[in-house]
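Heads up, run23.cif below (mmCIF, C-alpha atoms and all ligand atoms):
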data_coords
loop_
_atom_site.label_atom_id
_atom_site.label_comp_id
_atom_site.auth_asym_id
_atom_site.auth_seq_id
_atom_site.Cartn_x
_atom_site.Cartn_y
_atom_site.Cartn_z
CA MET A 7 -81.64 11.28 0.38
CA LYS A 8 -80.50 14.86 0.93
CA ALA A 9 -81.44 17.28 -1.84
CA ILE A 10 -79.48 20.20 -0.40
CA GLU A 11 -77.03 20.44 2.43
CA THR A 12 -75.18 23.53 3.58
CA ILE A 13 -72.25 23.09 5.93
CA ASN A 14 -71.07 26.15 7.87
CA LEU A 15 -72.05 28.30 4.89
CA SER A 16 -70.98 31.94 5.15
CA PHE A 17 -71.09 34.55 2.43
CA THR A 18 -69.83 38.13 2.30
CA TYR A 19 -70.51 40.41 -0.70
CA PRO A 20 -67.51 42.16 -2.27
CA ASP A 21 -68.51 45.44 -0.54
CA GLY A 22 -68.08 43.73 2.85
CA THR A 23 -71.79 43.04 3.59
CA LYS A 24 -72.02 39.81 5.57
CA ALA A 25 -75.15 38.16 4.15
CA LEU A 26 -74.87 34.59 5.52
CA GLU A 27 -73.24 33.43 8.73
CA ASN A 28 -72.51 29.78 9.42
CA VAL A 29 -75.74 28.36 7.98
CA ASN A 30 -76.22 24.60 8.48
CA LEU A 31 -79.30 23.40 6.71
CA THR A 32 -80.53 20.12 5.29
CA ILE A 33 -83.37 19.75 2.81
CA GLU A 34 -84.53 16.22 2.01
CA LYS A 35 -85.65 15.11 -1.45
CA GLY A 36 -89.34 15.73 -2.06
CA GLU A 37 -89.71 18.24 0.80
CA LYS A 38 -91.44 21.60 0.50
CA VAL A 39 -89.33 24.03 2.46
CA ALA A 40 -90.04 27.71 3.11
CA ILE A 41 -87.13 30.01 3.86
CA LEU A 42 -88.82 32.78 5.81
CA GLY A 43 -87.30 36.02 7.01
CA PRO A 44 -87.68 39.79 6.91
CA ASN A 45 -86.25 41.81 4.00
CA GLY A 46 -82.47 41.70 3.96
CA ALA A 47 -82.32 38.47 6.01
CA GLY A 48 -80.26 36.69 3.34
CA LYS A 49 -82.95 34.52 1.73
CA SER A 50 -82.03 35.32 -1.89
CA THR A 51 -78.32 35.04 -1.11
CA LEU A 52 -78.95 31.59 0.36
CA ILE A 53 -80.96 30.18 -2.54
CA TYR A 54 -78.52 31.64 -5.10
CA HIS A 55 -75.96 29.26 -3.56
CA PHE A 56 -78.14 26.26 -4.39
CA ASN A 57 -77.40 26.43 -8.11
CA GLY A 58 -73.95 27.94 -7.93
CA LEU A 59 -74.99 31.48 -8.90
CA LEU A 60 -73.06 32.46 -5.78
CA MET A 61 -70.20 30.44 -4.29
CA PRO A 62 -69.56 30.31 -0.52
CA THR A 63 -67.02 32.66 1.05
CA SER A 64 -66.48 29.80 3.48
CA GLY A 65 -68.21 26.48 4.11
CA LYS A 66 -69.84 24.16 1.60
CA VAL A 67 -73.07 23.57 -0.28
CA LYS A 68 -73.96 20.09 -1.53
CA VAL A 69 -76.65 19.23 -4.05
CA LEU A 70 -77.76 15.58 -4.13
CA GLY A 71 -74.50 14.74 -2.35
CA ARG A 72 -72.20 16.61 -4.76
CA GLU A 73 -70.40 19.77 -3.72
CA VAL A 74 -71.36 22.91 -5.61
CA SER A 75 -68.16 23.91 -7.41
CA LYS A 76 -67.06 25.21 -10.80
CA GLU A 77 -66.26 21.62 -11.88
CA ASN A 78 -69.77 20.40 -11.02
CA ILE A 79 -71.66 23.41 -12.29
CA ASP A 80 -73.37 21.69 -15.28
CA PHE A 81 -74.72 18.91 -13.03
CA ILE A 82 -75.82 21.46 -10.39
CA ARG A 83 -77.59 23.75 -12.89
CA GLN A 84 -79.45 20.80 -14.37
CA LYS A 85 -80.61 19.54 -10.99
CA VAL A 86 -81.54 22.89 -9.43
CA GLY A 87 -83.83 25.34 -11.21
CA LEU A 88 -83.89 28.88 -9.86
CA VAL A 89 -86.93 31.12 -10.35
CA PHE A 90 -86.11 34.79 -9.78
CA GLN A 91 -88.36 37.21 -7.93
CA ASN A 92 -88.94 39.41 -10.96
CA PRO A 93 -89.98 37.41 -14.06
CA ASP A 94 -88.72 40.28 -16.25
CA ASP A 95 -85.19 39.19 -15.23
CA GLN A 96 -85.88 35.70 -16.59
CA VAL A 97 -88.46 35.96 -19.37
CA PHE A 98 -87.25 37.76 -22.49
CA ALA A 99 -87.82 35.79 -25.75
CA PRO A 100 -90.30 37.06 -28.39
CA THR A 101 -92.91 34.38 -27.58
CA VAL A 102 -93.77 32.28 -24.55
CA PHE A 103 -92.91 29.09 -26.47
CA GLN A 104 -89.48 30.40 -27.47
CA ASP A 105 -88.84 31.55 -23.96
CA VAL A 106 -89.53 28.15 -22.43
CA ALA A 107 -87.48 26.51 -25.22
CA PHE A 108 -84.39 28.63 -24.41
CA GLY A 109 -83.01 26.32 -21.69
CA PRO A 110 -83.54 22.99 -23.49
CA ILE A 111 -82.03 24.43 -26.71
CA ASN A 112 -78.98 25.51 -24.69
CA LEU A 113 -78.70 21.97 -23.35
CA GLY A 114 -78.20 20.94 -27.00
CA LEU A 115 -81.26 18.70 -27.07
CA PRO A 116 -82.71 17.56 -30.42
CA GLU A 117 -85.56 19.70 -31.80
CA ASP A 118 -88.34 17.18 -31.17
CA GLU A 119 -87.21 16.70 -27.56
CA VAL A 120 -87.15 20.51 -27.08
CA LYS A 121 -90.69 20.71 -28.46
CA ARG A 122 -91.89 17.85 -26.29
CA ARG A 123 -90.43 19.40 -23.13
CA VAL A 124 -91.81 22.87 -23.91
CA LYS A 125 -95.32 21.53 -24.61
CA TRP A 126 -95.20 19.53 -21.39
CA ALA A 127 -93.94 22.46 -19.25
CA LEU A 128 -96.58 24.77 -20.73
CA GLU A 129 -99.27 22.21 -20.02
CA VAL A 130 -98.15 21.72 -16.40
CA MET A 131 -98.16 25.50 -15.85
CA GLU A 132 -101.49 25.86 -17.74
CA LEU A 133 -100.07 28.19 -20.37
CA ASN A 134 -100.85 26.37 -23.65
CA GLU A 135 -103.29 29.04 -24.72
CA VAL A 136 -100.68 31.80 -24.57
CA GLU A 137 -97.73 29.93 -26.12
CA ASP A 138 -97.57 32.25 -29.16
CA LYS A 139 -97.97 35.48 -27.18
CA PRO A 140 -95.12 37.84 -26.41
CA PRO A 141 -94.40 37.50 -22.67
CA HIS A 142 -94.65 41.27 -22.09
CA ARG A 143 -98.36 41.07 -23.02
CA LEU A 144 -99.07 38.65 -20.17
CA SER A 145 -100.19 39.40 -16.63
CA HIS A 146 -97.54 39.39 -13.91
CA GLY A 147 -98.88 36.06 -12.61
CA GLN A 148 -98.70 34.49 -16.07
CA LYS A 149 -95.15 35.79 -16.53
CA LYS A 150 -94.16 34.13 -13.25
CA ARG A 151 -95.65 30.89 -14.55
CA VAL A 152 -93.64 31.27 -17.79
CA ALA A 153 -90.49 31.67 -15.69
CA ILE A 154 -91.36 28.47 -13.79
CA ALA A 155 -92.17 26.65 -17.06
CA GLY A 156 -88.73 27.68 -18.39
CA VAL A 157 -87.13 26.08 -15.36
CA LEU A 158 -89.37 22.98 -15.57
CA ALA A 159 -88.37 22.36 -19.18
CA MET A 160 -84.86 21.66 -17.86
CA HIS A 161 -86.32 18.76 -15.80
CA PRO A 162 -84.80 19.88 -12.49
CA GLU A 163 -85.28 17.74 -9.37
CA ILE A 164 -85.09 20.78 -7.12
CA ILE A 165 -86.83 24.11 -7.72
CA ALA A 166 -85.89 27.17 -5.67
CA LEU A 167 -88.21 30.16 -5.97
CA ASP A 168 -87.45 33.69 -4.78
CA GLU A 169 -90.58 35.41 -3.43
CA PRO A 170 -93.04 33.59 -5.74
CA THR A 171 -96.03 35.58 -4.43
CA ALA A 172 -94.45 39.06 -4.73
CA ASN A 173 -96.70 41.56 -6.57
CA LEU A 174 -99.40 38.98 -7.32
CA ASP A 175 -103.12 39.51 -6.76
CA PRO A 176 -104.92 36.94 -4.54
CA LYS A 177 -106.19 34.88 -7.48
CA ALA A 178 -102.71 34.64 -9.01
CA VAL A 179 -101.30 33.64 -5.60
CA SER A 180 -103.85 30.80 -5.39
CA LYS A 181 -102.96 29.64 -8.90
CA ILE A 182 -99.20 29.64 -8.19
CA LEU A 183 -99.84 27.75 -4.95
CA GLU A 184 -101.98 25.15 -6.71
CA LEU A 185 -99.32 24.64 -9.41
CA LEU A 186 -96.43 24.45 -6.94
CA LEU A 187 -98.24 21.83 -4.88
CA LYS A 188 -98.89 19.89 -8.07
CA LEU A 189 -95.17 19.98 -8.99
CA ASN A 190 -94.31 18.60 -5.57
CA LYS A 191 -97.01 15.95 -5.44
CA GLU A 192 -97.09 14.68 -9.01
CA LEU A 193 -93.47 15.21 -10.08
CA ASN A 194 -91.93 14.80 -6.62
CA ALA A 195 -90.03 18.06 -7.14
CA THR A 196 -88.23 19.35 -4.06
CA LEU A 197 -89.49 22.90 -3.51
CA ILE A 198 -87.56 25.65 -1.76
CA ILE A 199 -89.54 28.84 -1.38
CA ALA A 200 -87.86 32.03 -0.16
CA THR A 201 -90.53 34.38 1.12
CA HIS A 202 -91.42 37.05 3.65
CA ASP A 203 -95.12 36.21 3.19
CA VAL A 204 -96.00 34.52 6.52
CA ASP A 205 -99.55 33.68 5.43
CA PHE A 206 -98.24 31.77 2.41
CA VAL A 207 -95.78 29.67 4.46
CA PRO A 208 -98.17 27.17 6.12
CA LEU A 209 -99.92 26.65 2.77
CA CYS A 210 -96.83 25.94 0.70
CA SER A 211 -94.44 24.16 3.05
CA ASP A 212 -94.01 21.22 5.37
CA LYS A 213 -90.83 22.65 6.84
CA VAL A 214 -89.91 26.25 7.66
CA CYS A 215 -86.45 27.74 8.15
CA ILE A 216 -86.32 31.19 9.69
CA LEU A 217 -83.43 33.34 8.57
CA ASN A 218 -82.54 36.59 10.30
CA ARG A 219 -79.47 38.75 9.63
CA GLY A 220 -77.89 35.88 7.73
CA GLU A 221 -78.35 33.33 10.50
CA LEU A 222 -80.62 30.31 10.63
CA ILE A 223 -82.66 30.97 13.77
CA LEU A 224 -85.44 28.36 13.78
CA GLU A 225 -86.25 25.23 11.83
CA GLY A 226 -89.21 22.85 11.98
CA SER A 227 -92.77 22.22 10.86
CA PRO A 228 -94.92 25.38 10.46
CA GLY A 229 -96.72 24.43 13.71
CA GLU A 230 -93.44 24.16 15.63
CA VAL A 231 -91.86 27.29 14.20
CA PHE A 232 -94.93 29.51 14.61
CA SER A 233 -95.31 28.48 18.24
CA ASN A 234 -92.23 30.69 18.95
CA THR A 235 -94.39 33.82 18.86
CA GLU A 236 -92.15 36.16 20.86
CA LYS A 237 -88.97 35.18 19.00
CA LEU A 238 -90.71 35.78 15.67
CA ARG A 239 -91.99 39.19 16.72
CA ARG A 240 -88.50 40.25 17.79
CA MET A 241 -87.43 39.54 14.20
CA ASP A 242 -90.19 41.75 12.74
CA LEU A 243 -92.12 38.68 11.67
CA ARG A 244 -95.65 37.86 12.75
CA LEU A 245 -97.87 34.80 12.91
CA PRO A 246 -100.05 33.89 9.96
CA ARG A 247 -103.39 35.71 10.47
CA ILE A 248 -105.27 32.52 11.36
CA GLY A 249 -102.61 31.57 13.92
CA HIS A 250 -102.79 35.07 15.40
CA LEU A 251 -106.57 34.81 15.79
CA PHE A 252 -106.25 31.46 17.59
CA GLU A 253 -103.46 32.85 19.80
CA ILE A 254 -105.86 35.63 20.92
CA LEU A 255 -108.65 33.11 21.53
CA LYS A 256 -106.28 31.02 23.61
CA VAL A 257 -104.32 33.64 25.57
CA ARG A 258 -106.87 36.44 25.98
CA ASP A 259 -110.14 34.53 25.89
CA ASN A 260 -108.83 31.41 27.64
CA LEU A 261 -110.37 29.01 25.11
CA PRO A 262 -108.89 25.49 25.30
CA ILE A 263 -107.05 25.72 21.94
CA GLU A 264 -104.61 22.87 21.39
CA ASN A 265 -101.00 23.27 20.32
CA PRO A 266 -99.79 23.74 17.65
CA LEU A 267 -102.01 26.68 16.78
CA PRO A 268 -104.07 26.21 13.61
CA LEU A 269 -102.43 28.13 10.76
CA THR A 270 -104.61 27.36 7.75
CA ILE A 271 -108.35 27.40 7.08
CA GLY A 272 -108.40 23.58 7.13
CA GLU A 273 -106.63 23.42 10.51
CA ALA A 274 -108.86 26.18 11.93
CA ARG A 275 -111.98 24.35 10.79
CA ARG A 276 -110.87 21.12 12.50
CA GLU A 277 -110.03 22.98 15.71
CA ILE A 278 -113.40 24.81 15.74
CA HIS A 279 -115.24 21.50 15.28
CA ARG A 280 -113.18 20.00 18.13
CA LEU A 281 -114.05 22.96 20.37
CA ILE A 282 -117.75 22.64 19.58
CA LYS A 283 -117.69 18.88 20.33
CA HIS A 284 -115.73 19.55 23.53
CA LYS A 285 -118.35 22.15 24.63
CA THR A 286 -121.25 19.85 23.75
CA SER A 287 -119.75 17.00 25.78
CA ILE A 288 -119.27 19.35 28.78
CA ASN A 289 -122.93 20.49 28.50
CA ASN A 290 -124.10 16.88 28.29
CA ASP A 291 -122.19 16.06 31.46
CA LEU A 292 -123.85 18.91 33.40
P1 LIG B 1 -83.48 38.85 1.40
O1 LIG B 1 -83.59 38.01 0.16
O2 LIG B 1 -83.79 38.11 2.65
O3 LIG B 1 -84.26 40.14 1.31
P2 LIG B 1 -80.76 39.33 0.50
O4 LIG B 1 -80.13 37.98 0.37
O5 LIG B 1 -81.23 40.00 -0.76
O6 LIG B 1 -81.94 39.28 1.57
O7 LIG B 1 -79.72 40.31 1.19
C1 LIG B 1 -78.99 39.96 2.37
C2 LIG B 1 -78.03 41.11 2.70
O8 LIG B 1 -77.08 41.25 1.66
C3 LIG B 1 -78.74 42.47 2.82
O9 LIG B 1 -78.06 43.22 3.80
C4 LIG B 1 -78.53 43.09 1.45
O10 LIG B 1 -78.54 44.49 1.53
C5 LIG B 1 -77.16 42.56 1.08
N1 LIG B 1 -76.95 42.42 -0.38
C6 LIG B 1 -77.74 41.78 -1.26
N2 LIG B 1 -77.21 41.82 -2.50
C7 LIG B 1 -76.04 42.52 -2.38
C8 LIG B 1 -75.02 42.91 -3.31
N3 LIG B 1 -75.07 42.57 -4.60
N4 LIG B 1 -73.98 43.61 -2.83
C9 LIG B 1 -73.89 43.94 -1.52
N5 LIG B 1 -74.81 43.61 -0.60
C10 LIG B 1 -75.87 42.90 -1.02
#
Rewrite the coordinates I just gave you, this time as structure tokens.
Amino acid sequence: MKAIETINLSFTYPDGTKALENVNLTIEKGEKVAILGPNGAGKSTLIYHFNGLLMPTSGKVKVLGREVSKENIDFIRQKVGLVFQNPDDQVFAPTVFQDVAFGPINLGLPEDEVKRRVKWALEVMELNEVEDKPPHRLSHGQKKRVAIAGVLAMHPEIIALDEPTANLDPKAVSKILELLLKLNKELNATLIIATHDVDFVPLCSDKVCILNRGELILEGSPGEVFSNTEKLRRMDLRLPRIGHLFEILKVRDNLPIENPLPLTIGEARREIHRLIKHKTSINNDL
């Protein structure tokens, strides 16, 4: 089942800036998809189309098979939750609890259902202890989690996040990653992550779409996409650090590294063990 489909999607801002050009993209239900590209590539513009915040200049966007249009907007907004880059654009109520309750109250849900959803969303995002705090007293990472909890309380099937790691320290990045993976695994939420953080991509996604100057340039698993090293460099992108290290070991040091290049610590560890075994078996044969 397709969660999102864009068909020849193009978008031009009122000042004439062409931000998306003929984008054809399919995201299946339950997938974790990273939209990767340099600044200005059109990532935010693309994900804003997924919940009807922007409407195509030409082409179509479909969510769970239904076209994004003014008539369908309530359905679309309920199915697709959008988490903005800056939580200060999204989090504004006097307390964390009230903030997360804002969406469900607007849906017109009964009070006990609102309470139940808020408690649940706060628990999933590990924020119960700060539910009575004013959001502006929280760390940036906690505020991001409040913004995600606000979206979760609407029970969306698809969650699109704009630069979820921006301005976070390493510990907060790990926490967001852990929680996003939990949303995908335990709630089967489809995740769409717009980011320019190449190191985050192989950790958070099973599919990567590379956007450059409004065009979809590459699409595939992280291993497939990051094997296009030269193409990526021409777009001012680089390999994840671990991939870069293994590229050097392969190309400059002639080590028998297998494709695709390892991109995460887990993949690197497996490849190092394979290399050691390979070397031992060669030595045993001599
Ligand atoms: P990204 O999220 O990849 O950094 P954006 O989607 O924000 O890229 O921007 C894509 C292009 O559209 C850029 O050239 C940007 O300057 C332009 N753009 C973004 N928002 C607006 C706007 N409101 N008005 C005009 N141009 C815009």
What residues have any atom no more than 10 Å from ligand LIG 1 (chain B) when counting only C-alpha atoms and all ligand atoms, and can you list them as a VMD selection string? chain A and resid 17 to 26 41 to 54 91 168 to 169 200 to 202 217 to 220
So that I can check the surroundings of stretch 126-128 of chain A, please list as a CSV table (one decimal) with C-alpha atoms, in the frame of the given file every protein, DNA and RNA residue that reaches within 10 Å of it, counting only C-alpha atoms and ignoring chain neighbours fewer than 5 positions away.
chain,number,residue,atom,x,y,z
A,102,VAL,CA,-93.8,32.3,-24.6
A,103,PHE,CA,-92.9,29.1,-26.5
A,106,VAL,CA,-89.5,28.2,-22.4
A,107,ALA,CA,-87.5,26.5,-25.2
A,120,VAL,CA,-87.2,20.5,-27.1
A,121,LYS,CA,-90.7,20.7,-28.5
A,133,LEU,CA,-100.1,28.2,-20.4
A,134,ASN,CA,-100.8,26.4,-23.6
A,135,GLU,CA,-103.3,29.0,-24.7
A,136,VAL,CA,-100.7,31.8,-24.6
A,137,GLU,CA,-97.7,29.9,-26.1
A,151,ARG,CA,-95.6,30.9,-14.6
A,152,VAL,CA,-93.6,31.3,-17.8
A,154,ILE,CA,-91.4,28.5,-13.8
A,155,ALA,CA,-92.2,26.6,-17.1
A,156,GLY,CA,-88.7,27.7,-18.4
A,157,VAL,CA,-87.1,26.1,-15.4
A,158,LEU,CA,-89.4,23.0,-15.6
A,159,ALA,CA,-88.4,22.4,-19.2
A,160,MET,CA,-84.9,21.7,-17.9
A,161,HIS,CA,-86.3,18.8,-15.8
So which residues touch A:Ile198 within 8 Å, counting only C-alpha atoms, skipping near sequence neighbours fewer than 4 positions away, as a ChimeraX atom specification? /A:38-41,164-167
Residue with smallest distance to A:Leu189 - pool A:Leu267, A:Ile216, A:Gly226, A:Glu37, counting only C-alpha atoms: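 Nearest to A:Leu189: A:Glu37.
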Closest of A:Val124, A:Val97, A:Val204, A:Ile111 to A:Leu144 - atom-to-atom distances counting only C-alpha atoms: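 Between A:Val124, A:Val97, A:Val204, A:Ile111, the residue approaching A:Leu144 most closely is A:Val97.
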For A:Arg244, which of A:Val207, A:Leu115, A:Ile223, A:Val69 is the closest residue, counting only C-alpha atoms?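 Comparing A:Val207, A:Leu115, A:Ile223, A:Val69 against A:Arg244, the winner is A:Val207.
Across the structure, atom CA of A:Phe56 and atom CA of A:Met241 are spaced 24.7 Å apart.
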Test item: which residues lie within 12 Å of (-103.4, 31.0, 19.0) counting all atoms listed in the file, as a ChimeraX atom specification: /A:229,232-235,245-270,273-274,277
How many Å separate atom CA of A:Leu113 from atom CA of A:Asn78?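 These atoms are spaced 15.3 Å apart.
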Just checking: using all atoms listed in the file, which residue out of A:Pro208, A:Glu132, A:Gly36, A:Lys283 ends up closest to A:Leu193?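 Selected residue with least distance to A:Leu193: A:Gly36.
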Enter the distance from atom CA of A:Ala178 to atom CA of A:Lys35, in Å, rounded to one decimal.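 Atom CA of A:Ala178 sits 27.0 Å away from atom CA of A:Lys35.
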Residues at most 12 Å from A:Val179, counting all atoms listed in the file, excluding those fewer than 6 positions away in the same chain, as a tab-separated table (two decimals) with C-alpha atoms, keeping the file's coordinate frame?
chain	number	residue	atom	x	y	z
A	146	HIS	CA	-97.54	39.39	-13.91
A	147	GLY	CA	-98.88	36.06	-12.61
A	148	GLN	CA	-98.70	34.49	-16.07
A	150	LYS	CA	-94.16	34.13	-13.25
A	151	ARG	CA	-95.65	30.89	-14.55
A	169	GLU	CA	-90.58	35.41	-3.43
A	170	PRO	CA	-93.04	33.59	-5.74
A	171	THR	CA	-96.03	35.58	-4.43
A	172	ALA	CA	-94.45	39.06	-4.73
A	173	ASN	CA	-96.70	41.56	-6.57
A	185	LEU	CA	-99.32	24.64	-9.41
A	186	LEU	CA	-96.43	24.45	-6.94
A	203	ASP	CA	-95.12	36.21	3.19
A	205	ASP	CA	-99.55	33.68	5.43
A	206	PHE	CA	-98.24	31.77	2.41
A	209	LEU	CA	-99.92	26.65	2.77
A	210	CYS	CA	-96.83	25.94	0.70
